[in-house]
$ cat structure_16.cif   # mmCIF, C-alpha atoms
data_target
loop_
_atom_site.label_atom_id
_atom_site.label_comp_id
_atom_site.auth_asym_id
_atom_site.auth_seq_id
_atom_site.Cartn_x
_atom_site.Cartn_y
_atom_site.Cartn_z
CA MET A 1 17.00 -89.75 33.78
CA SER A 2 18.77 -87.54 31.24
CA ASP A 3 21.84 -89.72 31.75
CA ASP A 4 22.46 -91.57 28.48
CA ARG A 5 23.23 -94.93 30.01
CA SER A 6 19.79 -95.18 31.54
CA HIS A 7 18.45 -95.22 27.97
CA SER A 8 20.78 -97.80 26.47
CA SER A 9 18.36 -100.67 26.77
CA LEU A 10 15.05 -101.44 25.17
CA LEU A 11 12.28 -100.99 27.74
CA VAL A 12 9.46 -102.38 25.60
CA PRO A 13 10.45 -106.00 25.03
CA PRO A 14 9.85 -107.62 21.64
CA SER A 15 6.51 -109.40 21.52
CA THR A 16 4.05 -111.00 19.15
CA GLN A 17 2.41 -107.57 18.93
CA ASP A 18 5.40 -106.40 16.88
CA TRP A 19 5.99 -106.68 13.14
CA ILE A 20 8.40 -109.60 13.05
CA GLN A 21 10.54 -111.30 10.43
CA GLY A 22 11.83 -114.48 12.02
CA ILE A 23 11.05 -115.91 15.44
CA LEU A 24 11.18 -114.20 18.83
CA SER A 25 13.32 -117.02 20.23
CA ALA A 26 16.05 -116.31 17.65
CA ARG A 27 19.67 -116.04 18.89
CA VAL A 28 19.62 -112.35 18.00
CA VAL A 29 16.61 -110.05 18.04
CA LEU A 30 17.15 -106.78 16.22
CA VAL A 31 14.62 -104.02 16.81
CA MET A 32 14.59 -101.01 14.51
CA TYR A 33 12.73 -97.79 15.15
CA GLY A 34 12.29 -96.27 11.72
CA ASP A 35 10.69 -93.49 9.73
CA TYR A 36 9.53 -94.19 6.16
CA GLN A 37 10.50 -90.74 4.90
CA CYS A 38 13.92 -90.60 6.55
CA PRO A 39 16.78 -91.46 4.14
CA ARG A 40 18.95 -92.95 6.90
CA SER A 41 16.08 -95.18 8.01
CA ALA A 42 15.80 -96.45 4.43
CA ASP A 43 19.53 -97.15 4.26
CA VAL A 44 19.55 -99.00 7.56
CA TYR A 45 16.40 -100.97 6.67
CA LYS A 46 18.01 -102.12 3.42
CA LEU A 47 21.24 -102.90 5.25
CA ILE A 48 19.37 -105.07 7.77
CA LYS A 49 17.53 -106.92 5.02
CA ALA A 50 20.85 -107.72 3.34
CA ILE A 51 22.38 -108.85 6.64
CA LYS A 52 19.32 -110.97 7.44
CA ARG A 53 19.59 -112.70 4.05
CA GLU A 54 23.27 -113.41 4.59
CA LEU A 55 22.94 -114.64 8.17
CA SER A 56 19.90 -116.78 7.39
CA ALA A 57 21.83 -118.44 4.58
CA ALA A 58 24.83 -119.02 6.85
CA PHE A 59 23.20 -119.90 10.17
CA GLY A 60 19.56 -120.68 9.38
CA GLU A 61 16.31 -118.76 9.56
CA ASP A 62 16.17 -118.87 13.35
CA TYR A 63 19.40 -116.96 13.85
CA LEU A 64 18.18 -113.36 13.41
CA CYS A 65 14.76 -111.96 14.19
CA PHE A 66 14.05 -108.50 12.76
CA ILE A 67 11.39 -106.26 14.29
CA PHE A 68 10.26 -102.94 12.84
CA ARG A 69 8.64 -100.25 14.98
CA HIS A 70 7.33 -96.91 13.80
CA PHE A 71 9.08 -93.71 14.79
CA PRO A 72 7.80 -91.05 12.39
CA GLN A 73 9.67 -87.77 12.89
CA THR A 74 6.78 -85.55 11.96
CA GLN A 75 8.64 -82.34 12.76
CA ILE A 76 11.13 -83.12 9.96
CA TYR A 77 9.19 -85.33 7.57
CA PRO A 78 5.65 -84.27 6.67
CA HIS A 79 4.67 -87.61 5.11
CA ALA A 80 6.18 -89.90 7.75
CA GLN A 81 3.08 -90.29 9.90
CA ARG A 82 0.82 -90.94 6.92
CA ALA A 83 3.28 -93.48 5.52
CA ALA A 84 3.28 -95.33 8.85
CA GLN A 85 -0.52 -95.44 8.74
CA VAL A 86 -0.35 -96.77 5.19
CA ALA A 87 1.99 -99.58 6.30
CA GLU A 88 -0.45 -100.46 9.07
CA ALA A 89 -3.44 -100.38 6.73
CA ALA A 90 -1.52 -102.71 4.39
CA ALA A 91 -0.69 -104.90 7.40
CA ALA A 92 -4.41 -105.30 8.09
CA GLN A 93 -4.47 -107.07 4.71
CA GLY A 94 -1.33 -109.10 5.35
CA LYS A 95 1.08 -106.91 3.39
CA PHE A 96 3.08 -105.05 6.04
CA TRP A 97 6.56 -106.02 4.87
CA LEU A 98 5.77 -105.59 1.18
CA MET A 99 4.40 -102.11 1.86
CA SER A 100 7.38 -101.27 4.06
CA ASP A 101 9.73 -102.26 1.23
CA THR A 102 7.71 -100.16 -1.21
CA LEU A 103 7.63 -97.07 1.04
CA PHE A 104 11.38 -97.22 1.66
CA ASP A 105 12.03 -97.75 -2.06
CA HIS A 106 9.91 -94.74 -3.02
CA GLN A 107 10.72 -92.26 -0.28
CA GLN A 108 10.64 -89.32 -2.64
CA ARG A 109 7.02 -90.11 -3.53
CA LEU A 110 4.95 -90.43 -0.38
CA GLU A 111 2.08 -88.09 -1.26
CA ASN A 112 -1.45 -89.51 -0.97
CA GLY A 113 -1.91 -90.28 -4.66
CA TYR A 114 1.23 -92.41 -4.71
CA LEU A 115 0.24 -94.20 -1.51
CA VAL A 116 -3.01 -95.39 -3.09
CA GLU A 117 -1.06 -96.48 -6.17
CA TYR A 118 1.28 -98.60 -4.01
CA ALA A 119 -1.71 -100.17 -2.24
CA ASN A 120 -3.23 -100.94 -5.63
CA ASP A 121 0.05 -102.44 -6.89
CA LEU A 122 0.12 -104.75 -3.85
CA GLY A 123 -3.41 -105.89 -4.63
CA LEU A 124 -5.01 -104.40 -1.53
CA ASP A 125 -8.74 -103.86 -1.14
CA ILE A 126 -8.67 -100.12 -1.86
CA PRO A 127 -12.05 -99.11 -0.31
CA GLN A 128 -11.06 -100.93 2.88
CA PHE A 129 -7.58 -99.36 2.78
CA LEU A 130 -8.97 -95.83 2.31
CA LYS A 131 -11.59 -96.30 5.01
CA GLU A 132 -8.94 -97.29 7.55
CA LEU A 133 -6.81 -94.29 6.61
CA SER A 134 -9.67 -91.80 6.78
CA LYS A 135 -10.74 -93.17 10.18
CA GLN A 136 -7.10 -93.07 11.37
CA ARG A 137 -7.68 -96.65 12.50
CA HIS A 138 -3.99 -97.38 13.18
CA ILE A 139 -2.84 -94.17 14.84
CA GLU A 140 -2.90 -95.71 18.31
CA ARG A 141 -0.46 -98.46 17.43
CA ILE A 142 1.93 -95.96 15.85
CA ASN A 143 1.73 -93.73 18.92
CA GLU A 144 2.43 -96.74 21.15
CA ASN A 145 5.57 -97.46 19.08
CA ILE A 146 6.68 -93.83 19.45
CA GLU A 147 6.04 -93.78 23.20
CA GLY A 148 7.90 -97.06 23.66
CA GLY A 149 10.80 -95.64 21.68
CA LEU A 150 10.90 -92.43 23.70
CA HIS A 151 10.72 -94.51 26.87
CA SER A 152 13.84 -96.40 25.69
CA GLY A 153 15.70 -93.17 24.92
CA VAL A 154 15.03 -93.02 21.18
CA THR A 155 14.98 -89.41 20.02
CA THR A 156 15.56 -89.83 16.28
CA ALA A 157 15.17 -92.56 13.70
CA PRO A 158 16.75 -94.83 12.84
CA ALA A 159 17.52 -96.42 16.19
CA LEU A 160 18.56 -100.04 16.64
CA PHE A 161 18.58 -102.41 19.58
CA ILE A 162 20.41 -105.73 19.40
CA ASN A 163 19.11 -108.17 22.02
CA ASN A 164 17.61 -105.17 23.84
CA ILE A 165 20.87 -103.17 23.91
CA ARG A 166 21.13 -99.93 21.94
CA TYR A 167 23.47 -100.16 18.95
CA THR A 168 25.69 -97.08 18.81
CA GLU A 169 28.44 -98.05 16.34
CA ARG A 170 28.67 -97.00 12.69
CA TRP A 171 25.84 -97.80 10.28
CA LYS A 172 28.04 -99.96 8.06
CA ILE A 173 27.41 -103.56 7.07
CA THR A 174 30.66 -104.89 8.57
CA GLU A 175 30.18 -103.19 11.96
CA LEU A 176 26.51 -104.05 12.24
CA MET A 177 27.10 -107.65 11.17
CA ALA A 178 29.93 -107.98 13.73
CA ALA A 179 27.70 -106.59 16.49
CA ILE A 180 24.91 -109.03 15.61
CA VAL A 181 27.26 -112.01 15.53
CA ALA A 182 28.88 -110.93 18.82
CA ALA A 183 25.44 -110.68 20.44
CA SER A 184 24.65 -114.28 19.50
CA HIS A 185 27.43 -115.71 21.66
#
$ encode --input "structure_16.cif" --output "structure tokens"
Amino acid sequence: MSDDRSHSSLLVPPSTQDWIQGILSARVVLVMYGDYQCPRSADVYKLIKAIKRELSAAFGEDYLCFIFRHFPQTQIYPHAQRAAQVAEAAAAQGKFWLMSDTLFDHQQRLENGYLVEYANDLGLDIPQFLKELSKQRHIERINENIEGGLHSGVTTAPALFINNIRYTERWKITELMAAIVAASH
């Protein structure tokens, strides 16, 4: 199983359990395994958002579905796991994507004090938010994302799958856009 090709496809199919922008029946489903503290994850996340805007304008909202899954690399990034929990706690109050945007925009400031500030800025119920964090309410979901990623051969974030096939080209807008468009045919 150490053979790379056995890990080139996504083994945990996209589902309604995922964090989704778009619809699962879209022509192209793009799954990203990301880490909120990892600079490359932030770059790729922002790249995908730009591509999604462009493709939605050109081909309609149902063209590209974007799914984000957690892959905190705790051995490199000390705040990654906590940030993922914060995104999930925000999600419990309907603010997953807004919190994800915020965390990626403020990667240099992911200490606890800042995290509460971001939650406050998004208008979250802070006592509820803090209770979920202290009880580690969302750790299981994050661990499931990590296990699914490992199962599909993900070893570092960011990792992308386009229609369940691992994307291995350069992380540039032209290449990624071309791969997405090619996958839709």
$ atom_distance --input "structure_16.cif" --atom1 "atom CA of A:Ala157" --atom2 "atom CA of A:Leu176"
16.2 Å
$ residues_around --input "structure_16.cif" --residues "A:Gly22" --least-positions-apart "5" --cutoff "9 Å" --atoms "all atoms listed in the file" --output "VMD selection string"
chain A and resid 29 61 to 67
$ resolve_selection --input "structure_16.cif" --expression "the PyMOL selection byres ((chain A and resi 132-135) around 10)" --output "compact mmCIF listing (two decimals) with C-alpha atoms, keeping the file's coordinate frame"
# COMPACT_ATOMS: atom_id res chain seq x y z
CA ARG A 82 0.82 -90.94 6.92
CA GLN A 85 -0.52 -95.44 8.74
CA VAL A 86 -0.35 -96.77 5.19
CA GLU A 88 -0.45 -100.46 9.07
CA ALA A 89 -3.44 -100.38 6.73
CA ALA A 90 -1.52 -102.71 4.39
CA ALA A 92 -4.41 -105.30 8.09
CA ILE A 126 -8.67 -100.12 -1.86
CA PRO A 127 -12.05 -99.11 -0.31
CA GLN A 128 -11.06 -100.93 2.88
CA PHE A 129 -7.58 -99.36 2.78
CA LEU A 130 -8.97 -95.83 2.31
CA LYS A 131 -11.59 -96.30 5.01
CA GLN A 136 -7.10 -93.07 11.37
CA ARG A 137 -7.68 -96.65 12.50
CA HIS A 138 -3.99 -97.38 13.18
CA ILE A 139 -2.84 -94.17 14.84
$ residues_near_point --input "structure_16.cif" --point "(9.9, -96.2, 24.7)" --cutoff "12 Å" --atoms "all atoms listed in the file" --output "ChimeraX atom specification"
/A:7-14,33,69-71,142-156,159,161,164
$ resolve_selection --input "structure_16.cif" --expression "the PyMOL selection byres ((chain A and resi 108) around 10)" --output "list in words"
Gln37, Cys38, Pro39, His79, Leu103, Phe104, Asp105, His106, Gln107, Arg109, Leu110 and Glu111 of chain A
$ atom_distance --input "structure_16.cif" --atom1 "atom CA of A:Asp101" --atom2 "atom CA of A:Phe59"
23.9 Å
$ atom_distance --input "structure_16.cif" --atom1 "atom CA of A:Leu122" --atom2 "atom CA of A:Ile173"
29.4 Å
$ axis_aligned_box --input "structure_16.cif" --around "stretch 50-62 of chain A" --padding-each-side "4 Å" --output "lines of an AutoDock Vina configuration file"
center_x = 20.5
center_y = -114.2
center_z = 8.3
size_x = 16.7
size_y = 21.0
size_z = 18.0
$ resolve_selection --input "structure_16.cif" --expression "the PyMOL selection byres ((chain A and resi 51) around 10)" --output "MDAnalysis selection string"
chainID A and resid 45:50 52:57 64 173:174 176:177 180
$ closest_residue --input "structure_16.cif" --among "A:Gln93, A:Gln75, A:Ser100, A:Ser15" --to "A:Gly34" --atoms "only C-alpha atoms"
A:Ser100
$ closest_residue --input "structure_16.cif" --among "A:Ala42, A:Pro158, A:Gln73, A:Ser184" --to "A:Ser25" --atoms "all atoms listed in the file"
A:Ser184
$ closest_residue --input "structure_16.cif" --among "A:Arg170, A:Lys95, A:His185, A:Arg27" --to "A:Leu124" --atoms "only C-alpha atoms"
A:Lys95
$ closest_residue --input "structure_16.cif" --among "A:Ala26, A:Ala91, A:Met99, A:Ala179" --to "A:Arg141" --atoms "all atoms listed in the file"
A:Ala91
$ closest_residue --input "structure_16.cif" --among "A:Asp43, A:Asp125, A:Asp35, A:Glu117" --to "A:Ala84" --atoms "all atoms listed in the file"
A:Asp35
$ closest_residue --input "structure_16.cif" --among "A:Leu24, A:Met32, A:Ala80, A:Ala119" --to "A:Tyr167" --atoms "only C-alpha atoms"
A:Met32
$ build_atoms --input "structure_16.cif" --residues "stretch 46-67 of chain A" --atoms "N, CA, C and O atoms" --output "PDB file, in the coordinates of the input"
ATOM      1  N   LYS A  46      17.476-101.309   4.524  1.00  0.00           N
ATOM      2  CA  LYS A  46      18.010-102.120   3.420  1.00  0.00           C
ATOM      3  C   LYS A  46      19.251-102.896   3.856  1.00  0.00           C
ATOM      4  O   LYS A  46      19.462-104.044   3.458  1.00  0.00           O
ATOM      5  N   LEU A  47      20.042-102.268   4.688  1.00  0.00           N
ATOM      6  CA  LEU A  47      21.240-102.900   5.250  1.00  0.00           C
ATOM      7  C   LEU A  47      20.830-104.141   6.064  1.00  0.00           C
ATOM      8  O   LEU A  47      21.400-105.224   5.905  1.00  0.00           O
ATOM      9  N   ILE A  48      19.833-103.969   6.924  1.00  0.00           N
ATOM     10  CA  ILE A  48      19.370-105.070   7.770  1.00  0.00           C
ATOM     11  C   ILE A  48      18.821-106.209   6.924  1.00  0.00           C
ATOM     12  O   ILE A  48      19.093-107.375   7.186  1.00  0.00           O
ATOM     13  N   LYS A  49      18.071-105.867   5.877  1.00  0.00           N
ATOM     14  CA  LYS A  49      17.530-106.920   5.020  1.00  0.00           C
ATOM     15  C   LYS A  49      18.651-107.724   4.366  1.00  0.00           C
ATOM     16  O   LYS A  49      18.572-108.952   4.279  1.00  0.00           O
ATOM     17  N   ALA A  50      19.707-107.040   3.949  1.00  0.00           N
ATOM     18  CA  ALA A  50      20.850-107.720   3.340  1.00  0.00           C
ATOM     19  C   ALA A  50      21.553-108.615   4.367  1.00  0.00           C
ATOM     20  O   ALA A  50      21.896-109.767   4.081  1.00  0.00           O
ATOM     21  N   ILE A  51      21.741-108.082   5.567  1.00  0.00           N
ATOM     22  CA  ILE A  51      22.380-108.850   6.640  1.00  0.00           C
ATOM     23  C   ILE A  51      21.526-110.064   7.001  1.00  0.00           C
ATOM     24  O   ILE A  51      22.037-111.166   7.179  1.00  0.00           O
ATOM     25  N   LYS A  52      20.218-109.861   7.082  1.00  0.00           N
ATOM     26  CA  LYS A  52      19.320-110.970   7.440  1.00  0.00           C
ATOM     27  C   LYS A  52      19.405-112.082   6.400  1.00  0.00           C
ATOM     28  O   LYS A  52      19.467-113.261   6.742  1.00  0.00           O
ATOM     29  N   ARG A  53      19.438-111.694   5.122  1.00  0.00           N
ATOM     30  CA  ARG A  53      19.590-112.700   4.050  1.00  0.00           C
ATOM     31  C   ARG A  53      20.868-113.494   4.230  1.00  0.00           C
ATOM     32  O   ARG A  53      20.873-114.720   4.160  1.00  0.00           O
ATOM     33  N   GLU A  54      21.961-112.764   4.461  1.00  0.00           N
ATOM     34  CA  GLU A  54      23.270-113.410   4.590  1.00  0.00           C
ATOM     35  C   GLU A  54      23.336-114.337   5.801  1.00  0.00           C
ATOM     36  O   GLU A  54      23.795-115.473   5.718  1.00  0.00           O
ATOM     37  N   LEU A  55      22.866-113.842   6.953  1.00  0.00           N
ATOM     38  CA  LEU A  55      22.940-114.640   8.170  1.00  0.00           C
ATOM     39  C   LEU A  55      21.987-115.833   8.138  1.00  0.00           C
ATOM     40  O   LEU A  55      22.304-116.893   8.666  1.00  0.00           O
ATOM     41  N   SER A  56      20.833-115.659   7.501  1.00  0.00           N
ATOM     42  CA  SER A  56      19.900-116.780   7.390  1.00  0.00           C
ATOM     43  C   SER A  56      20.494-117.879   6.520  1.00  0.00           C
ATOM     44  O   SER A  56      20.348-119.063   6.811  1.00  0.00           O
ATOM     45  N   ALA A  57      21.187-117.462   5.455  1.00  0.00           N
ATOM     46  CA  ALA A  57      21.830-118.440   4.580  1.00  0.00           C
ATOM     47  C   ALA A  57      22.946-119.168   5.325  1.00  0.00           C
ATOM     48  O   ALA A  57      23.116-120.382   5.189  1.00  0.00           O
ATOM     49  N   ALA A  58      23.689-118.432   6.140  1.00  0.00           N
ATOM     50  CA  ALA A  58      24.830-119.020   6.850  1.00  0.00           C
ATOM     51  C   ALA A  58      24.420-119.827   8.080  1.00  0.00           C
ATOM     52  O   ALA A  58      24.942-120.915   8.316  1.00  0.00           O
ATOM     53  N   PHE A  59      23.498-119.297   8.872  1.00  0.00           N
ATOM     54  CA  PHE A  59      23.200-119.900  10.170  1.00  0.00           C
ATOM     55  C   PHE A  59      21.766-120.401  10.317  1.00  0.00           C
ATOM     56  O   PHE A  59      21.383-120.878  11.371  1.00  0.00           O
ATOM     57  N   GLY A  60      20.959-120.224   9.297  1.00  0.00           N
ATOM     58  CA  GLY A  60      19.560-120.680   9.380  1.00  0.00           C
ATOM     59  C   GLY A  60      18.610-119.549   9.729  1.00  0.00           C
ATOM     60  O   GLY A  60      19.008-118.521  10.278  1.00  0.00           O
ATOM     61  N   GLU A  61      17.360-119.782   9.401  1.00  0.00           N
ATOM     62  CA  GLU A  61      16.310-118.760   9.560  1.00  0.00           C
ATOM     63  C   GLU A  61      16.122-118.314  11.012  1.00  0.00           C
ATOM     64  O   GLU A  61      15.641-117.223  11.267  1.00  0.00           O
ATOM     65  N   ASP A  62      16.451-119.188  11.956  1.00  0.00           N
ATOM     66  CA  ASP A  62      16.170-118.870  13.350  1.00  0.00           C
ATOM     67  C   ASP A  62      17.265-118.066  14.036  1.00  0.00           C
ATOM     68  O   ASP A  62      17.232-117.839  15.235  1.00  0.00           O
ATOM     69  N   TYR A  63      18.252-117.652  13.267  1.00  0.00           N
ATOM     70  CA  TYR A  63      19.400-116.960  13.850  1.00  0.00           C
ATOM     71  C   TYR A  63      19.075-115.501  14.185  1.00  0.00           C
ATOM     72  O   TYR A  63      19.368-115.018  15.279  1.00  0.00           O
ATOM     73  N   LEU A  64      18.457-114.790  13.222  1.00  0.00           N
ATOM     74  CA  LEU A  64      18.180-113.360  13.410  1.00  0.00           C
ATOM     75  C   LEU A  64      16.697-113.077  13.255  1.00  0.00           C
ATOM     76  O   LEU A  64      16.087-113.458  12.266  1.00  0.00           O
ATOM     77  N   CYS A  65      16.150-112.416  14.248  1.00  0.00           N
ATOM     78  CA  CYS A  65      14.760-111.960  14.190  1.00  0.00           C
ATOM     79  C   CYS A  65      14.806-110.440  14.006  1.00  0.00           C
ATOM     80  O   CYS A  65      15.499-109.737  14.748  1.00  0.00           O
ATOM     81  N   PHE A  66      14.077-109.934  13.022  1.00  0.00           N
ATOM     82  CA  PHE A  66      14.050-108.500  12.760  1.00  0.00           C
ATOM     83  C   PHE A  66      12.661-107.952  13.079  1.00  0.00           C
ATOM     84  O   PHE A  66      11.648-108.486  12.635  1.00  0.00           O
ATOM     85  N   ILE A  67      12.646-106.895  13.895  1.00  0.00           N
ATOM     86  CA  ILE A  67      11.390-106.260  14.290  1.00  0.00           C
ATOM     87  C   ILE A  67      11.436-104.794  13.867  1.00  0.00           C
ATOM     88  O   ILE A  67      12.430-104.108  14.088  1.00  0.00           O
TER      89      ILE A  67
END
